[in-house]
Amino acid sequence: MSDRRGLRWTGAGTRVAIGTVVSVAFVVAVATAVAAPWPQIAREPVALEATPAAAESVVSCTGGILALGRDAASAGSLSVAAEQSVTSGTVDPAIVPSENALVVPGVSGGSPLAFAAAPVDGVRTDIAASGSASVDADDLRGLAATACQPPMMESWLVAGATTTGYSDLVLLANPGSVPATVQLTVYGAGDPVVPPGGSDLVVPPGTQIVVPLAGLIVGESSPVVRVSASGGPVRAALQSSLTDTLVPIGLDQVGAVAAPGQTAVIPGVDVTTAPSGGDPATVVRVLAPTADATATITVASADAATASLPPSTVPLTAGHPAEVELPGLALGSYTVTVTAETPVVAAVRQVAGSGEAADYGWYSVAPEVTLPSLFATTSGPDAVLTIANSGDVDATVIVSPRSGSGALSTVTVPARGSSAVPLAGRTVYLLDAGGAPGVHAEVSMAGDGALAAFPVWSADAAARSISVYP
């Protein structure tokens, strides 16, 4: 009996041992398989190239100069103090853009214009338009000139103030067919804020609304306003006017900057006279919205590549605008360049004349002109196109009239330099830099006690093909 039990135990032990060995071998095999490289099958996704249909081109103008409180019965009422004279056109004079007057609730007088042009043979039709107005009255004096801009989902207003004497207005236009809702974020001495007066502003289709800047922030000497739209894009602009002890000493209308960038080029800043009173003649306003930075400001004359002032640096605290005076500039035209390691927005305020004959203008950042692009001159003092070249090689730029009385100009703009081209009034031009990188341009108008400027916007890029993955 004991021998048979022993044989049974021996057989069972052998089976257990064999099972253990097999289990261990299986675990080792699995671990080895996991660690070893597995064969891979890579399949390229199916992609189809599609070109979006060209869209309608739309630009919207700021409208005439607005006066606040001329009606004694209504101190907060707005009226048009001077109508805006507008020049518009396309690259082909035979193509006339359609014209539409926007509604401005609560404003008596003329309406701002919007222009549109449909694609031709599947190709986008670019539009150029600009407008100007001047006034010399007891409550307002000066020249305003702006380019009519396309509406955008986000833009920045770098201009204006709400200190004593200023009466500034934010202009929000919706030339589209659907309502737009706008948020205004104000940057100043305090933290950035969306004030109650700038929250959820509804701009109906075909309408421009007016928001007093003082209703957004009070006592601010260097505000910057971020305009964020949803539902539909809007064209943002700002009208600024200044009165000194009941004497009007200047006004301007200024368009929006599209987006912050690490380099801000501002050509064609006209220094025509010494400052009036105690205010500096030339001031640069700059904001780093998201991160601390150190900005470098370079000033160069428009007819020489060498700097007219030594470069200056200014520390920037994120979300807080800074202003830098540029003293000692001789009479002439200059290109101001602001560079930083983080994106910034910037503008230059320039004073012309003094006392009751004073005016001031805001010079905005000129975007890089990457394609042949249209721009228009308007009525007023003689206009000059200042072309700045931030690239490392010379650029040959052709400026050709498409309508009006201008003449063809071909100019070589030196690397890191600028050149000026005289322009005819009320003319549509085409600027073609031949694809050279780093070309920026600004139209400026300077006369006796009159100053205004606006940048040349690059044409919308032709619709490029996109990859669609079904």
# chains A, B, ... in the order shown; residues from 1 in each chain; ligands from 1
call {"tool": "closest_atom_pairs", "arguments": {"of": "range 41-140 of chain A", "to": "range 222-239 of chain A", "cutoff": "10 Å", "atoms": "only C-alpha atoms", "output": "Markdown table"}}
result
| residue | atom | partner | partner_atom | distance |
| --- | --- | --- | --- | --- |
| A:Val59 | CA | A:Arg235 | CA | 8.2 |
| A:Ser60 | CA | A:Arg235 | CA | 6.6 |
| A:Cys61 | CA | A:Arg235 | CA | 8.3 |
| A:Thr62 | CA | A:Ala237 | CA | 6.7 |
| A:Gly64 | CA | A:Gln239 | CA | 9.9 |
| A:Ile65 | CA | A:Gln239 | CA | 7.8 |
| A:Leu66 | CA | A:Gln239 | CA | 8.0 |
call {"tool": "write_last_selection", "arguments": {"atoms": "N, CA, C and O atoms", "output": "tab-separated table (two decimals), in the first residue's frame"}}
result
chain	number	residue	atom	x	y	z
A	59	VAL	N	-14.98	96.04	-46.81
A	59	VAL	CA	-14.28	97.00	-45.96
A	59	VAL	C	-15.29	97.99	-45.42
A	59	VAL	O	-16.31	98.28	-46.06
A	60	SER	N	-15.00	98.52	-44.25
A	60	SER	CA	-15.92	99.44	-43.58
A	60	SER	C	-15.16	100.68	-43.15
A	60	SER	O	-14.05	100.59	-42.62
A	61	CYS	N	-15.76	101.84	-43.36
A	61	CYS	CA	-15.12	103.12	-43.04
A	61	CYS	C	-15.61	103.64	-41.68
A	61	CYS	O	-16.64	103.21	-41.17
A	62	THR	N	-14.86	104.59	-41.11
A	62	THR	CA	-15.18	105.09	-39.78
A	62	THR	C	-16.35	106.08	-39.79
A	62	THR	O	-17.06	106.23	-38.80
A	64	GLY	N	-17.92	110.15	-40.55
A	64	GLY	CA	-17.51	111.52	-40.28
A	64	GLY	C	-17.07	111.74	-38.84
A	64	GLY	O	-17.18	110.86	-37.98
A	65	ILE	N	-16.57	112.95	-38.58
A	65	ILE	CA	-16.15	113.32	-37.23
A	65	ILE	C	-17.38	113.55	-36.37
A	65	ILE	O	-18.31	114.28	-36.76
A	66	LEU	N	-17.41	112.92	-35.21
A	66	LEU	CA	-18.55	113.00	-34.31
A	66	LEU	C	-18.32	114.05	-33.23
A	66	LEU	O	-17.21	114.17	-32.69
call {"tool": "residues_around", "arguments": {"residues": "Asp394 in chain A", "least_positions_apart": "5", "cutoff": "6 Å", "atoms": "only C-alpha atoms", "output": "VMD selection string"}}
result
chain A and resid 413 to 415
call {"tool": "select_by_dssp", "arguments": {"residues": "range 256-414 of chain A", "states": "strand (DSSP E)", "output": "ChimeraX atom specification"}}
result
/A:261-271,282-287,293-301,307-316,322-325,332-352,359-364,373-376,383-389,395-403,409-413
call {"tool": "atom_distance", "arguments": {"atom1": "CA of Pro343 in chain A", "atom2": "CA of Leu213 in chain A"}}
result
24.5 Å
call {"tool": "residues_around", "arguments": {"residues": "Arg426 in chain A", "least_positions_apart": "3", "cutoff": "6 Å", "atoms": "only C-alpha atoms", "output": "list in words"}}
result
Thr87, Thr377, Thr378 and Ser379 of chain A
call {"tool": "atom_distance", "arguments": {"atom1": "CA of Gln183 in chain A", "atom2": "CA of Gly215 in chain A"}}
result
13.9 Å
call {"tool": "residues_around", "arguments": {"residues": "Trp362 in chain A", "least_positions_apart": "3", "cutoff": "12 Å", "atoms": "only C-alpha atoms", "output": "PyMOL selection string"}}
result
chain A and resi 143-146+157-160+237-241+250-257+266-270+281-285+346-352+359+365+442-445+451-455
call {"tool": "residues_around", "arguments": {"residues": "Val218 in chain A", "least_positions_apart": "2", "cutoff": "8 Å", "atoms": "only C-alpha atoms", "output": "VMD selection string"}}
result
chain A and resid 162 to 163 214 to 216 220
call {"tool": "write_last_selection", "arguments": {"atoms": "N, CA, C and O atoms", "output": "mmCIF file, in the first residue's frame"}}
result
data_model
loop_
_atom_site.group_PDB
_atom_site.id
_atom_site.type_symbol
_atom_site.label_atom_id
_atom_site.label_comp_id
_atom_site.auth_asym_id
_atom_site.auth_seq_id
_atom_site.Cartn_x
_atom_site.Cartn_y
_atom_site.Cartn_z
ATOM 1 N N THR A 162 -8.422 109.130 -21.417
ATOM 2 C CA THR A 162 -9.634 109.583 -20.728
ATOM 3 C C THR A 162 -9.285 110.568 -19.624
ATOM 4 O O THR A 162 -10.064 110.740 -18.680
ATOM 5 N N THR A 163 -8.128 111.198 -19.726
ATOM 6 C CA THR A 163 -7.765 112.245 -18.782
ATOM 7 C C THR A 163 -8.481 113.544 -19.164
ATOM 8 O O THR A 163 -9.171 113.630 -20.181
ATOM 9 N N ALA A 214 -14.489 106.927 -22.003
ATOM 10 C CA ALA A 214 -14.555 107.244 -20.573
ATOM 11 C C ALA A 214 -15.567 106.373 -19.841
ATOM 12 O O ALA A 214 -15.492 106.246 -18.612
ATOM 13 N N GLY A 215 -16.519 105.773 -20.576
ATOM 14 C CA GLY A 215 -17.445 104.840 -19.946
ATOM 15 C C GLY A 215 -16.821 103.492 -19.672
ATOM 16 O O GLY A 215 -17.414 102.666 -18.967
ATOM 17 N N LEU A 216 -15.625 103.247 -20.219
ATOM 18 C CA LEU A 216 -14.927 101.985 -19.990
ATOM 19 C C LEU A 216 -13.842 102.116 -18.926
ATOM 20 O O LEU A 216 -13.614 101.196 -18.144
ATOM 21 N N GLU A 220 -7.485 107.562 -17.428
ATOM 22 C CA GLU A 220 -6.367 106.761 -17.948
ATOM 23 C C GLU A 220 -5.662 107.539 -19.060
ATOM 24 O O GLU A 220 -6.282 107.959 -20.033
#
call {"tool": "closest_residue", "arguments": {"among": "A:Val211, A:Val344, A:Leu374, A:Val336", "to": "Val107 in chain A", "atoms": "only C-alpha atoms"}}
result
A:Val211
call {"tool": "atom_distance", "arguments": {"atom1": "CA of Pro195 in chain A", "atom2": "CA of Leu171 in chain A"}}
result
16.5 Å
call {"tool": "residues_around", "arguments": {"residues": "Pro315 in chain A", "least_positions_apart": "5", "cutoff": "8 Å", "atoms": "only C-alpha atoms", "output": "PyMOL selection string"}}
result
chain A and resi 292-295
call {"tool": "write_last_selection", "arguments": {"atoms": "N, CA and C atoms", "output": "PDB file, in the first residue's frame"}}
result
ATOM      1  N   ASP A 292       5.785  89.643 -19.378  1.00  0.00           N
ATOM      2  CA  ASP A 292       6.764  90.710 -19.202  1.00  0.00           C
ATOM      3  C   ASP A 292       7.783  90.668 -20.336  1.00  0.00           C
ATOM      4  N   ALA A 293       8.304  91.831 -20.688  1.00  0.00           N
ATOM      5  CA  ALA A 293       9.252  91.893 -21.796  1.00  0.00           C
ATOM      6  C   ALA A 293      10.084  93.159 -21.681  1.00  0.00           C
ATOM      7  N   THR A 294      11.123  93.218 -22.483  1.00  0.00           N
ATOM      8  CA  THR A 294      11.898  94.437 -22.672  1.00  0.00           C
ATOM      9  C   THR A 294      11.801  94.822 -24.137  1.00  0.00           C
ATOM     10  N   ALA A 295      11.249  95.998 -24.397  1.00  0.00           N
ATOM     11  CA  ALA A 295      11.070  96.463 -25.768  1.00  0.00           C
ATOM     12  C   ALA A 295      12.226  97.374 -26.157  1.00  0.00           C
TER      13      ALA A 295
END
call {"tool": "residues_around", "arguments": {"residues": "Val428 in chain A", "least_positions_apart": "6", "cutoff": "6 Å", "atoms": "only C-alpha atoms", "output": "number ranges by chain"}}
result
A: 375-376, 401-403
call {"tool": "write_last_selection", "arguments": {"atoms": "all heavy atoms", "output": "mmCIF file, in the first residue's frame"}}
result
data_model
loop_
_atom_site.group_PDB
_atom_site.id
_atom_site.type_symbol
_atom_site.label_atom_id
_atom_site.label_comp_id
_atom_site.auth_asym_id
_atom_site.auth_seq_id
_atom_site.Cartn_x
_atom_site.Cartn_y
_atom_site.Cartn_z
ATOM 1 N N PHE A 375 -4.288 100.400 -52.041
ATOM 2 C CA PHE A 375 -4.607 101.393 -51.023
ATOM 3 C C PHE A 375 -5.129 102.632 -51.743
ATOM 4 O O PHE A 375 -4.933 102.808 -52.950
ATOM 5 C CB PHE A 375 -3.397 101.724 -50.149
ATOM 6 C CG PHE A 375 -2.281 102.433 -50.868
ATOM 7 C CD1 PHE A 375 -2.180 103.819 -50.862
ATOM 8 C CD2 PHE A 375 -1.306 101.719 -51.560
ATOM 9 C CE1 PHE A 375 -1.151 104.474 -51.515
ATOM 10 C CE2 PHE A 375 -0.269 102.359 -52.215
ATOM 11 C CZ PHE A 375 -0.190 103.747 -52.205
ATOM 12 N N ALA A 376 -5.815 103.474 -51.012
ATOM 13 C CA ALA A 376 -6.433 104.657 -51.605
ATOM 14 C C ALA A 376 -6.035 105.891 -50.817
ATOM 15 O O ALA A 376 -5.900 105.851 -49.589
ATOM 16 C CB ALA A 376 -7.955 104.507 -51.632
ATOM 17 N N PRO A 401 -0.808 103.752 -60.128
ATOM 18 C CA PRO A 401 -2.206 104.170 -59.950
ATOM 19 C C PRO A 401 -3.162 103.269 -60.723
ATOM 20 O O PRO A 401 -2.863 102.826 -61.831
ATOM 21 C CB PRO A 401 -2.208 105.594 -60.510
ATOM 22 C CG PRO A 401 -1.099 105.607 -61.514
ATOM 23 C CD PRO A 401 -0.049 104.668 -60.987
ATOM 24 N N ARG A 402 -4.307 102.975 -60.132
ATOM 25 C CA ARG A 402 -5.361 102.215 -60.793
ATOM 26 C C ARG A 402 -6.551 103.086 -61.138
ATOM 27 O O ARG A 402 -7.363 102.732 -61.980
ATOM 28 C CB ARG A 402 -5.806 101.058 -59.894
ATOM 29 C CG ARG A 402 -4.745 100.012 -59.686
ATOM 30 C CD ARG A 402 -4.247 99.457 -60.998
ATOM 31 N NE ARG A 402 -3.273 98.401 -60.834
ATOM 32 C CZ ARG A 402 -2.575 97.868 -61.832
ATOM 33 N NH1 ARG A 402 -2.738 98.332 -63.049
ATOM 34 N NH2 ARG A 402 -1.712 96.917 -61.616
ATOM 35 N N SER A 403 -6.683 104.198 -60.472
ATOM 36 C CA SER A 403 -7.695 105.195 -60.799
ATOM 37 C C SER A 403 -7.238 106.514 -60.218
ATOM 38 O O SER A 403 -6.426 106.550 -59.297
ATOM 39 C CB SER A 403 -9.065 104.802 -60.244
ATOM 40 O OG SER A 403 -9.048 104.815 -58.834
#
